[in-house]
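Student: Input coords.csv, format and content: CSV, C-alpha atoms and all ligand atoms.
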chain,number,residue,atom,x,y,z
O,210,MET,CA,3.7,-9.9,28.5
O,211,SER,CA,3.1,-11.9,25.4
O,212,LYS,CA,4.9,-11.1,22.2
O,213,PRO,CA,3.0,-9.1,19.5
O,214,SER,CA,1.7,-11.4,16.8
O,215,LEU,CA,2.4,-11.2,13.1
O,216,LEU,CA,0.6,-13.2,10.4
O,217,ILE,CA,2.8,-13.5,7.3
O,218,LEU,CA,1.0,-14.3,4.0
O,219,PRO,CA,3.7,-14.4,1.3
O,220,GLY,CA,1.2,-15.2,-1.5
O,221,ASP,CA,2.2,-15.8,-5.2
O,222,GLY,CA,4.9,-14.9,-7.7
O,223,ILE,CA,7.7,-12.9,-6.1
O,224,GLY,CA,5.8,-12.7,-2.8
O,225,PRO,CA,7.5,-15.6,-1.1
O,226,GLU,CA,11.0,-14.5,-2.3
O,227,VAL,CA,10.7,-10.9,-1.0
O,228,MET,CA,9.0,-12.1,2.2
O,229,ALA,CA,11.9,-14.5,2.9
O,230,GLU,CA,14.1,-11.4,3.2
O,231,VAL,CA,11.7,-9.7,5.6
O,232,ARG,CA,11.9,-12.8,7.7
O,233,LYS,CA,15.7,-12.2,8.0
O,234,ILE,CA,14.9,-8.6,9.2
O,235,ILE,CA,12.3,-9.8,11.7
O,236,ASP,CA,14.8,-12.4,13.0
O,237,TRP,CA,17.4,-9.6,13.3
O,238,PHE,CA,15.0,-7.5,15.4
O,239,GLY,CA,14.2,-10.5,17.5
O,240,ALA,CA,17.9,-11.5,18.1
O,241,LYS,CA,19.6,-8.1,18.2
O,242,GLY,CA,16.9,-5.3,18.2
O,243,GLY,CA,15.0,-6.2,21.3
O,244,ILE,CA,11.7,-6.6,19.5
O,245,GLU,CA,10.3,-10.2,19.3
O,246,PHE,CA,7.3,-11.3,17.4
O,247,ASP,CA,5.1,-14.3,17.5
O,248,VAL,CA,5.2,-15.1,13.8
O,249,SER,CA,2.9,-17.5,11.9
O,250,GLU,CA,2.6,-18.1,8.2
O,251,ASP,CA,-0.3,-19.0,5.9
O,252,LEU,CA,-1.5,-19.0,2.3
O,253,VAL,CA,-3.4,-16.3,0.3
O,254,GLY,CA,-4.1,-16.0,-3.4
O,255,GLY,CA,-3.4,-18.5,-6.1
O,256,CYS,CA,-1.4,-20.8,-3.8
O,257,ALA,CA,-4.4,-20.9,-1.4
O,258,TYR,CA,-6.6,-21.7,-4.3
O,259,ASP,CA,-4.3,-24.5,-5.5
O,260,LYS,CA,-4.4,-26.1,-2.0
O,261,HIS,CA,-7.9,-25.3,-0.8
O,262,GLY,CA,-10.0,-24.2,-3.8
O,263,THR,CA,-10.4,-20.7,-2.4
O,264,PRO,CA,-7.9,-17.8,-2.4
O,265,LEU,CA,-8.5,-17.3,1.4
O,266,THR,CA,-9.9,-19.9,3.8
O,267,ASP,CA,-12.2,-18.9,6.6
O,268,ALA,CA,-9.5,-20.2,9.0
O,269,THR,CA,-6.9,-17.8,7.6
O,270,MET,CA,-9.4,-15.0,7.6
O,271,ALA,CA,-10.2,-15.6,11.3
O,272,ARG,CA,-6.4,-15.7,12.1
O,273,ALA,CA,-5.9,-12.4,10.3
O,274,GLN,CA,-8.6,-10.9,12.5
O,275,GLU,CA,-6.9,-12.1,15.7
O,276,VAL,CA,-3.3,-11.1,15.1
O,277,ASP,CA,-1.8,-7.7,15.8
O,278,ALA,CA,-0.7,-7.2,12.2
O,279,VAL,CA,-0.7,-9.0,8.8
O,280,LEU,CA,2.2,-8.8,6.4
O,281,LEU,CA,1.3,-9.8,2.8
O,282,GLY,CA,3.6,-10.3,-0.2
O,283,ALA,CA,1.6,-10.3,-3.4
O,284,VAL,CA,-1.2,-12.3,-5.1
O,285,GLY,CA,-2.0,-13.4,-8.6
O,286,GLY,CA,-0.4,-14.7,-11.8
O,287,PRO,CA,-1.3,-15.7,-15.3
O,288,LYS,CA,-2.1,-19.3,-14.3
O,289,TYR,CA,-5.2,-18.0,-12.6
O,290,ASP,CA,-6.4,-15.6,-15.3
O,291,ASN,CA,-9.3,-17.7,-16.5
O,292,LEU,CA,-10.6,-18.6,-13.0
O,293,ASP,CA,-14.1,-17.5,-12.1
O,294,PHE,CA,-14.0,-14.0,-10.6
O,295,SER,CA,-15.2,-15.2,-7.2
O,296,VAL,CA,-12.1,-17.4,-6.7
O,297,LYS,CA,-9.4,-15.3,-8.4
O,298,PRO,CA,-6.3,-14.7,-6.2
O,299,GLU,CA,-7.1,-11.0,-5.9
O,300,ARG,CA,-10.4,-11.9,-4.1
O,301,GLY,CA,-8.3,-13.2,-1.2
O,302,LEU,CA,-6.7,-9.8,-0.7
O,303,LEU,CA,-9.9,-7.9,-1.3
O,304,ARG,CA,-11.7,-10.1,1.3
O,305,LEU,CA,-8.9,-9.3,3.9
O,306,ARG,CA,-9.2,-5.6,3.2
O,307,LYS,CA,-13.1,-5.7,3.4
O,308,GLU,CA,-13.6,-7.9,6.4
O,309,MET,CA,-10.8,-6.3,8.4
O,310,ASP,CA,-12.4,-3.0,7.3
O,311,LEU,CA,-9.0,-1.5,6.4
O,312,TYR,CA,-10.4,1.7,5.0
O,313,ALA,CA,-7.2,3.8,5.0
O,314,ASN,CA,-4.4,2.7,2.7
O,315,LEU,CA,-1.2,4.7,3.2
O,316,ARG,CA,1.0,4.7,0.2
O,317,PRO,CA,4.1,6.8,0.6
O,318,ALA,CA,6.1,7.8,-2.4
O,319,GLN,CA,9.6,8.8,-1.3
O,320,CYS,CA,12.5,9.3,-3.6
O,321,PHE,CA,15.8,8.0,-2.1
O,322,ASP,CA,18.7,10.3,-2.9
O,323,ALA,CA,20.7,7.5,-4.3
O,324,LEU,CA,18.0,6.8,-6.8
O,325,ALA,CA,17.0,10.3,-8.0
O,326,ASP,CA,18.8,9.7,-11.3
O,327,PHE,CA,16.9,6.6,-11.8
O,328,SER,CA,13.4,8.2,-12.1
O,329,SER,CA,12.1,8.7,-15.7
O,330,LEU,CA,11.5,12.3,-14.6
O,331,LYS,CA,14.2,14.9,-14.3
O,332,LYS,CA,16.2,14.8,-11.1
O,333,ASP,CA,15.2,18.2,-9.8
O,334,VAL,CA,11.5,17.2,-10.2
O,335,VAL,CA,11.9,14.1,-7.9
O,336,ALA,CA,14.9,14.6,-5.7
O,337,GLY,CA,13.8,14.8,-2.1
O,338,LEU,CA,10.2,13.9,-3.0
O,339,ASP,CA,8.2,12.7,0.0
O,340,ILE,CA,4.5,12.5,-0.4
O,341,MET,CA,1.8,10.2,1.0
O,342,ILE,CA,-1.2,9.0,-0.9
O,343,ILE,CA,-4.1,7.9,1.3
O,344,ARG,CA,-6.4,5.7,-0.7
O,345,GLU,CA,-9.9,4.7,0.5
O,346,LEU,CA,-9.7,0.9,0.4
O,347,THR,CA,-13.0,-0.7,1.3
O,348,SER,CA,-15.6,0.9,-0.8
O,349,GLY,CA,-16.2,2.7,-4.1
O,350,VAL,CA,-16.3,0.9,-7.4
O,351,TYR,CA,-14.3,-2.1,-6.1
O,352,PHE,CA,-17.2,-3.2,-3.9
O,353,GLY,CA,-20.3,-1.3,-5.1
O,354,GLU,CA,-23.5,-3.1,-6.1
O,355,PRO,CA,-24.9,-3.9,-8.6
O,356,ARG,CA,-21.9,-5.4,-10.4
O,357,GLY,CA,-21.6,-8.1,-13.0
O,358,ILE,CA,-21.9,-8.9,-16.7
O,359,PHE,CA,-25.6,-9.1,-17.6
O,360,LYS,CA,-27.6,-9.7,-20.8
O,361,GLU,CA,-29.4,-6.6,-22.1
O,362,GLY,CA,-31.4,-7.3,-25.2
O,363,ASN,CA,-29.1,-9.2,-27.5
O,364,GLU,CA,-25.8,-8.0,-26.1
O,365,ARG,CA,-24.0,-8.2,-22.8
O,366,VAL,CA,-23.4,-5.3,-20.5
O,367,GLY,CA,-20.7,-5.0,-17.8
O,368,ILE,CA,-21.6,-3.1,-14.7
O,369,ASN,CA,-19.8,-1.8,-11.7
O,370,THR,CA,-21.1,0.8,-9.3
O,371,GLN,CA,-19.2,3.7,-7.7
O,372,ARG,CA,-20.8,4.2,-4.3
O,373,TYR,CA,-19.7,6.1,-1.3
O,374,THR,CA,-21.5,6.9,1.9
O,375,GLU,CA,-20.8,10.1,3.9
O,376,SER,CA,-19.3,8.2,6.8
O,377,GLU,CA,-17.0,6.2,4.5
O,378,ILE,CA,-15.7,9.5,3.1
O,379,ALA,CA,-15.5,11.2,6.5
O,380,ARG,CA,-13.4,8.5,8.2
O,381,VAL,CA,-10.7,8.3,5.5
O,382,ALA,CA,-10.7,12.1,5.4
O,383,ARG,CA,-9.9,12.1,9.1
O,384,SER,CA,-7.1,9.7,8.5
O,385,ALA,CA,-5.6,12.1,6.0
O,386,PHE,CA,-6.0,15.1,8.2
O,387,GLU,CA,-4.5,13.3,11.2
O,388,LEU,CA,-1.5,12.3,9.2
O,389,ALA,CA,-1.1,15.7,7.7
O,390,ARG,CA,-0.8,17.2,11.2
O,391,LYS,CA,2.3,15.0,11.7
O,392,ARG,CA,3.7,16.2,8.4
O,393,SER,CA,3.3,19.5,6.6
O,394,ASN,CA,-0.4,20.1,7.5
O,395,LYS,CA,-1.5,20.1,3.9
O,396,VAL,CA,-4.0,17.8,2.2
O,397,CYS,CA,-5.1,17.7,-1.4
O,398,SER,CA,-8.3,15.7,-2.1
O,399,MET,CA,-8.8,14.2,-5.6
O,400,GLU,CA,-12.1,13.1,-7.2
O,401,LYS,CA,-14.1,13.8,-10.4
O,402,ALA,CA,-16.7,16.1,-9.0
O,403,ASN,CA,-17.1,17.5,-12.6
O,404,VAL,CA,-18.7,14.3,-13.8
O,405,MET,CA,-19.6,12.1,-10.9
O,406,GLU,CA,-22.1,12.6,-8.1
O,407,SER,CA,-20.0,10.4,-5.8
O,408,GLY,CA,-17.2,12.9,-6.5
O,409,VAL,CA,-19.4,15.9,-5.6
O,410,LEU,CA,-20.3,14.2,-2.3
O,411,TRP,CA,-16.6,13.3,-1.7
O,412,ARG,CA,-15.6,16.9,-2.1
O,413,GLU,CA,-18.3,18.3,0.1
O,414,VAL,CA,-17.7,15.8,3.0
O,415,VAL,CA,-13.9,16.2,3.0
O,416,GLN,CA,-14.4,20.0,3.2
O,417,GLU,CA,-17.0,19.6,6.0
O,418,VAL,CA,-14.7,17.4,8.0
O,419,ARG,CA,-11.9,19.9,7.5
O,420,ASP,CA,-14.0,22.9,8.5
O,421,ALA,CA,-15.5,21.3,11.6
O,422,GLU,CA,-12.5,19.3,13.0
O,423,TYR,CA,-9.3,20.3,11.3
O,424,PRO,CA,-9.4,24.1,10.6
O,425,ASP,CA,-5.6,24.2,11.1
O,426,VAL,CA,-5.0,21.9,8.1
O,427,GLU,CA,-4.7,23.4,4.6
O,428,LEU,CA,-7.1,21.6,2.2
O,429,SER,CA,-7.3,21.9,-1.6
O,430,HIS,CA,-9.3,19.9,-4.1
O,431,MET,CA,-8.3,18.7,-7.6
O,432,TYR,CA,-9.9,16.6,-10.3
O,433,ALA,CA,-8.1,13.3,-10.3
O,434,ASP,CA,-7.1,13.6,-14.0
O,435,ALA,CA,-5.5,17.0,-13.3
O,436,GLY,CA,-4.0,15.4,-10.2
O,437,ALA,CA,-2.3,12.8,-12.3
O,438,MET,CA,-0.9,15.6,-14.6
O,439,GLN,CA,0.3,17.6,-11.6
O,440,LEU,CA,1.9,14.6,-10.1
O,441,THR,CA,4.1,14.2,-13.1
O,442,ARG,CA,4.6,17.9,-13.6
O,443,TRP,CA,5.7,19.0,-10.1
O,444,PRO,CA,5.0,16.3,-7.5
O,445,LYS,CA,6.6,18.3,-4.7
O,446,GLN,CA,3.6,20.6,-4.6
O,447,PHE,CA,1.8,17.8,-2.7
O,448,ASP,CA,2.2,16.4,0.8
O,449,VAL,CA,-0.8,14.3,1.7
O,450,ILE,CA,-3.2,13.3,-1.1
O,451,VAL,CA,-6.6,11.6,-0.2
O,452,THR,CA,-8.6,9.9,-2.8
O,453,ASP,CA,-11.0,7.1,-3.5
O,454,ASN,CA,-10.3,3.4,-4.1
O,455,LEU,CA,-10.0,3.4,-7.9
O,456,PHE,CA,-8.3,6.8,-8.4
O,457,GLY,CA,-6.0,5.8,-5.5
O,458,ASP,CA,-5.0,2.6,-7.3
O,459,LEU,CA,-4.0,4.5,-10.4
O,460,LEU,CA,-2.4,7.5,-8.7
O,461,SER,CA,-0.4,5.4,-6.4
O,462,ASP,CA,1.2,3.4,-9.2
O,463,LEU,CA,2.0,6.7,-10.9
O,464,ALA,CA,3.5,8.2,-7.8
O,465,ALA,CA,5.5,5.0,-7.2
O,466,MET,CA,7.1,5.3,-10.5
O,467,LEU,CA,8.2,8.9,-9.8
O,468,THR,CA,10.6,7.4,-7.3
O,469,GLY,CA,12.3,5.2,-9.8
O,470,SER,CA,10.9,1.8,-9.2
O,471,LEU,CA,7.7,0.1,-8.1
O,472,GLY,CA,10.1,-2.2,-6.1
O,473,MET,CA,10.7,0.5,-3.5
O,474,LEU,CA,7.2,1.3,-2.4
O,475,PRO,CA,5.6,0.0,0.8
O,476,SER,CA,2.0,0.4,2.0
O,477,ALA,CA,0.0,0.2,5.2
O,478,SER,CA,-3.8,-0.5,5.2
O,479,LEU,CA,-5.3,0.5,8.5
O,480,GLY,CA,-8.7,0.2,10.1
O,481,ALA,CA,-10.3,1.1,13.4
O,482,PRO,CA,-8.4,0.5,16.7
O,483,MET,CA,-8.8,-3.0,18.2
O,484,ALA,CA,-9.4,-3.7,21.9
O,485,ASN,CA,-5.6,-3.5,22.6
O,486,GLY,CA,-5.5,0.0,21.0
O,487,ARG,CA,-3.6,-1.1,17.9
O,488,PRO,CA,-5.3,-0.5,14.6
O,489,LYS,CA,-6.4,-3.4,12.5
O,490,ALA,CA,-3.6,-3.5,10.0
O,491,LEU,CA,-2.2,-5.2,6.9
O,492,TYR,CA,1.1,-4.2,5.4
O,493,GLU,CA,2.1,-5.0,1.8
O,494,PRO,CA,4.4,-3.8,-1.0
O,495,VAL,CA,2.6,-1.7,-3.7
O,496,HIS,CA,4.1,-3.9,-6.4
O,497,GLY,CA,2.3,-7.0,-7.6
O,498,SER,CA,3.4,-10.6,-8.0
O,499,ALA,CA,5.6,-10.0,-11.0
O,500,PRO,CA,5.2,-13.5,-12.5
O,501,ASP,CA,7.7,-12.7,-15.3
O,502,ILE,CA,10.6,-12.6,-12.8
O,503,ALA,CA,9.2,-14.9,-10.1
O,504,GLY,CA,11.6,-17.6,-8.8
O,505,GLN,CA,14.7,-16.1,-10.4
O,506,GLY,CA,16.1,-14.2,-7.4
O,507,LYS,CA,15.7,-10.9,-9.3
O,508,ALA,CA,13.0,-9.3,-7.3
O,509,ASN,CA,13.7,-6.2,-5.2
O,510,PRO,CA,12.7,-7.0,-1.5
O,511,ILE,CA,12.9,-3.3,-0.4
O,512,ALA,CA,9.2,-2.5,-0.8
O,513,CYS,CA,8.3,-5.5,1.4
O,514,VAL,CA,11.1,-4.6,3.9
O,515,LEU,CA,9.8,-1.0,4.1
O,516,SER,CA,6.3,-2.4,4.6
O,517,PHE,CA,7.6,-4.1,7.7
O,518,ALA,CA,9.1,-0.8,8.8
O,519,MET,CA,5.6,0.8,8.5
O,520,ALA,CA,4.3,-2.1,10.7
O,521,LEU,CA,6.9,-1.2,13.3
O,522,ARG,CA,5.8,2.4,13.2
O,523,TYR,CA,2.0,2.2,12.9
O,524,SER,CA,1.1,-1.1,14.7
O,525,PHE,CA,3.9,-1.5,17.2
O,526,ASN,CA,4.8,2.1,18.1
O,527,GLU,CA,8.4,1.3,17.4
O,528,GLY,CA,9.2,4.5,15.5
O,529,ALA,CA,12.9,4.4,16.4
O,530,ALA,CA,13.2,0.8,15.1
O,531,ALA,CA,11.4,1.8,11.9
O,532,ASP,CA,13.7,4.8,11.4
O,533,LYS,CA,16.7,2.5,11.9
O,534,LEU,CA,15.4,0.0,9.3
O,535,GLU,CA,14.7,2.8,6.8
O,536,ALA,CA,18.2,4.2,7.4
O,537,ALA,CA,19.7,0.7,6.8
O,538,VAL,CA,17.9,0.7,3.4
O,539,GLN,CA,19.2,4.2,2.6
O,540,LYS,CA,22.7,3.1,3.5
O,541,VAL,CA,22.6,0.0,1.3
O,542,LEU,CA,21.3,2.1,-1.7
O,543,ALA,CA,23.9,4.8,-1.0
O,544,ASP,CA,26.6,2.1,-1.1
O,545,GLY,CA,25.4,1.2,-4.6
O,546,VAL,CA,23.8,-2.1,-3.9
O,547,ARG,CA,21.2,-2.6,-6.6
O,548,THR,CA,18.7,-5.3,-7.6
O,549,ALA,CA,18.1,-5.5,-11.4
O,550,ASP,CA,15.1,-3.1,-11.3
O,551,LEU,CA,17.4,-0.3,-9.9
O,552,LEU,CA,20.1,-0.5,-12.5
O,553,GLY,CA,20.5,2.5,-14.6
O,554,ALA,CA,23.2,3.3,-17.1
O,555,GLU,CA,26.0,3.1,-14.4
O,556,GLY,CA,27.2,-0.3,-15.6
O,557,ARG,CA,26.8,-2.0,-12.1
O,558,SER,CA,25.9,-5.6,-11.9
O,559,PRO,CA,22.8,-6.5,-9.9
O,560,VAL,CA,22.6,-8.3,-6.7
O,561,SER,CA,20.0,-11.0,-6.1
O,562,THR,CA,17.0,-10.7,-3.9
O,563,SER,CA,18.7,-12.6,-1.0
O,564,GLU,CA,21.9,-10.6,-1.4
O,565,MET,CA,19.9,-7.4,-1.0
O,566,GLY,CA,18.3,-8.8,2.2
O,567,ASP,CA,21.7,-9.8,3.5
O,568,ALA,CA,23.0,-6.3,2.8
O,569,ILE,CA,20.2,-4.7,4.7
O,570,VAL,CA,20.9,-7.0,7.7
O,571,ALA,CA,24.6,-6.2,7.5
O,572,ALA,CA,23.7,-2.5,7.5
O,573,LEU,CA,21.6,-3.0,10.6
O,574,ASP,CA,24.4,-4.8,12.3
O,575,ALA,CA,26.8,-2.0,11.5
O,576,MET,CA,24.6,0.8,12.9
O,601,LIG,C1,-3.1,-2.7,-5.5
O,601,LIG,C2,-3.4,-3.8,-6.5
O,601,LIG,C3,-4.8,-4.4,-6.1
O,601,LIG,C4,-5.8,-3.4,-6.3
O,601,LIG,C5,-5.1,-5.7,-6.8
O,601,LIG,C6,-4.0,-6.8,-6.7
O,601,LIG,C7,-6.5,-6.3,-6.4
O,601,LIG,O1,-3.4,-3.3,-7.8
O,601,LIG,O2,-3.1,-3.0,-4.3
O,601,LIG,O3,-2.9,-1.6,-5.9
O,601,LIG,O4,-6.3,-3.2,-7.4
O,601,LIG,O5,-6.2,-2.8,-5.3
O,602,MG,MG,-2.7,-1.3,-7.8
Kindly present the structure from the file in structure tokens form.
Tutor:
Amino acid sequence: MSKPSLLILPGDGIGPEVMAEVRKIIDWFGAKGGIEFDVSEDLVGGCAYDKHGTPLTDATMARAQEVDAVLLGAVGGPKYDNLDFSVKPERGLLRLRKEMDLYANLRPAQCFDALADFSSLKKDVVAGLDIMIIRELTSGVYFGEPRGIFKEGNERVGINTQRYTESEIARVARSAFELARKRSNKVCSMEKANVMESGVLWREVVQEVRDAEYPDVELSHMYADAGAMQLTRWPKQFDVIVTDNLFGDLLSDLAAMLTGSLGMLPSASLGAPMANGRPKALYEPVHGSAPDIAGQGKANPIACVLSFAMALRYSFNEGAAADKLEAAVQKVLADGVRTADLLGAEGRSPVSTSEMGDAIVAALDAM
């Protein structure tokens, strides 16, 4: 049997640094964990633009369609701020999401015990928090037409379009309900049905899917602004949250920060099953390219490492290996190993990106 294939796209900023640590973990599983991958690496984002004049070449896109899973670091940086929109680093990522049709973006927000003190919220509000945001990822205002900056009379007007079809809403709703069945059987759907027709349709379709196919799952609806407020007030009232592309972008950053650091949060972007039964899949940390700390060995690789754990779980059916990797991360945190973003008032000194990776490998060895 051939080994499962992984395409690694480290990208820009801290992407390559955090991905180098994931490579150590992949190597560990190959050598000692009995799970070998056929790994290839390529460019995405600003580095691809620098080399090829495009943030994602057709060849890389084709490769991403062939492999069993893609692991991505981060894209973007100030160097590219003034590029035309069509070749900005972010377009590379958006093209991957769109052409692979990765409509369900799973963003867990989990508060590690060792870090509960570190959240900007009170400890009892976040301790033990474990919620999952499912963000629609291939439609909505990110992709709707018309879009652009146009001339209207003697001034310019900027236009983006929020657009959702019933089937786009229904399929991501199904992802949420399926996942809820494996957790606490509870979904909260968020939109702005009070001001947006797309929100009215969203609410109706999510309810219809629930009534017809998932009557056992508890469903509630919330306006997204109230959802943001409730997420900071008492996040543990939620289990699975399903929402659109733009609200999901905002709410997932908010949820991430509840846990103490953006540097901790992984994500999985999943599409329909391929011929081999595995879903189309791309895994990436929720944090961005963090150009301010890039190249300094300060970045926290945990979000990227946990993204690989999600790949083990959702693409390769290696739940036990994923549990083991997550436990290794917990162990390292419990031992007080901290990158700079995880330093509170305790007066510890931070470890570097690669020291954190080494500590996780050592924890795997010790298990
Ligand atoms: C995210 C990011 C992206 C988004 C950017 C980099 C295009 O913020 O994955 O949350 O807006 O979706
Ligand atoms: Mg975002």
Student: Quick one: residues within 9 Å of Arg372 in chain O, only C-alpha atoms counted, chain neighbours fewer than 5 positions away excluded, as number ranges by chain?
Tutor: O: 348-350, 352-354, 407
Student: Residues at most 9 Å from ligand LIG 601 (chain O), using all atoms listed in the file? Could they come as a count of residues only?
Tutor: 25
Student: Kindly give the distance, in Å, that separates CA of Ile343 in chain O and CA of Met399 in chain O, rounded to a single decimal.
Tutor: 10.5 Å
Student: Taking only C-alpha atoms into account, which of O:Ile234, O:Ala465, O:Val396, O:Val279 comes nearest Leu305 in chain O?
Tutor: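 Of all the options, O:Val279 lies closest to Leu305 in chain O.
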Student: Excluding Leu252 in chain O and its own-chain neighbours fewer than 2 positions away, which residues fall within 12 Å of it when counting all atoms listed in the file? Please give them as an NGL selection string.
Tutor: :O and (216-221 or 224-225 or 249-250 or 254-270 or 272-273 or 279-284 or 298 or 301-302)
Student: Just how far from CA of Ala278 in chain O is CA of Arg522 in chain O, in Å to one decimal?
Tutor: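 Going from CA of Arg522 in chain O over to CA of Ala278 in chain O, I get 11.6 Å.
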Student: Between O:Met466, O:Leu311, O:Ala508, O:Val415, which one has atoms that come closest to Pro488 in chain O, using all atoms listed in the file?
Tutor: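 Among the listed residues, the smallest separation from Pro488 in chain O belongs to O:Leu311.
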Student: Using all atoms listed in the file, find the one residue out of O:His430, O:Lys445, O:Arg344, O:Arg392 that sits nearest to ligand MG 602 (chain O).
Tutor: O:Arg344
Student: One number please: CA of Leu491 in chain O to CA of Val546 in chain O, in Å, one decimal.
Tutor: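 Separating CA of Leu491 in chain O from CA of Val546 in chain O is a distance of 28.3 Å.
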Student: Skipping near chain neighbours, those fewer than 2 positions away, what residues fall within 9 Å of Met576 in chain O using all atoms listed in the file, listed as a CSV table (one decimal) with C-alpha atoms, in the frame of the given file?
Tutor:
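What ended up in part_11.csv:
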chain,number,residue,atom,x,y,z
O,533,LYS,CA,16.7,2.5,11.9
O,537,ALA,CA,19.7,0.7,6.8
O,571,ALA,CA,24.6,-6.2,7.5
O,572,ALA,CA,23.7,-2.5,7.5
O,573,LEU,CA,21.6,-3.0,10.6
O,574,ASP,CA,24.4,-4.8,12.3
Student: For each of O:Gly480, O:Gly337, O:Gly357, O:Gly545, take the minimum atom-to-atom distance to Ala318 in chain O, counting only C-alpha atoms, then give the residue where this is smallest.
Tutor: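 Among O:Gly480, O:Gly337, O:Gly357, O:Gly545, it is O:Gly337 that comes nearest to Ala318 in chain O.
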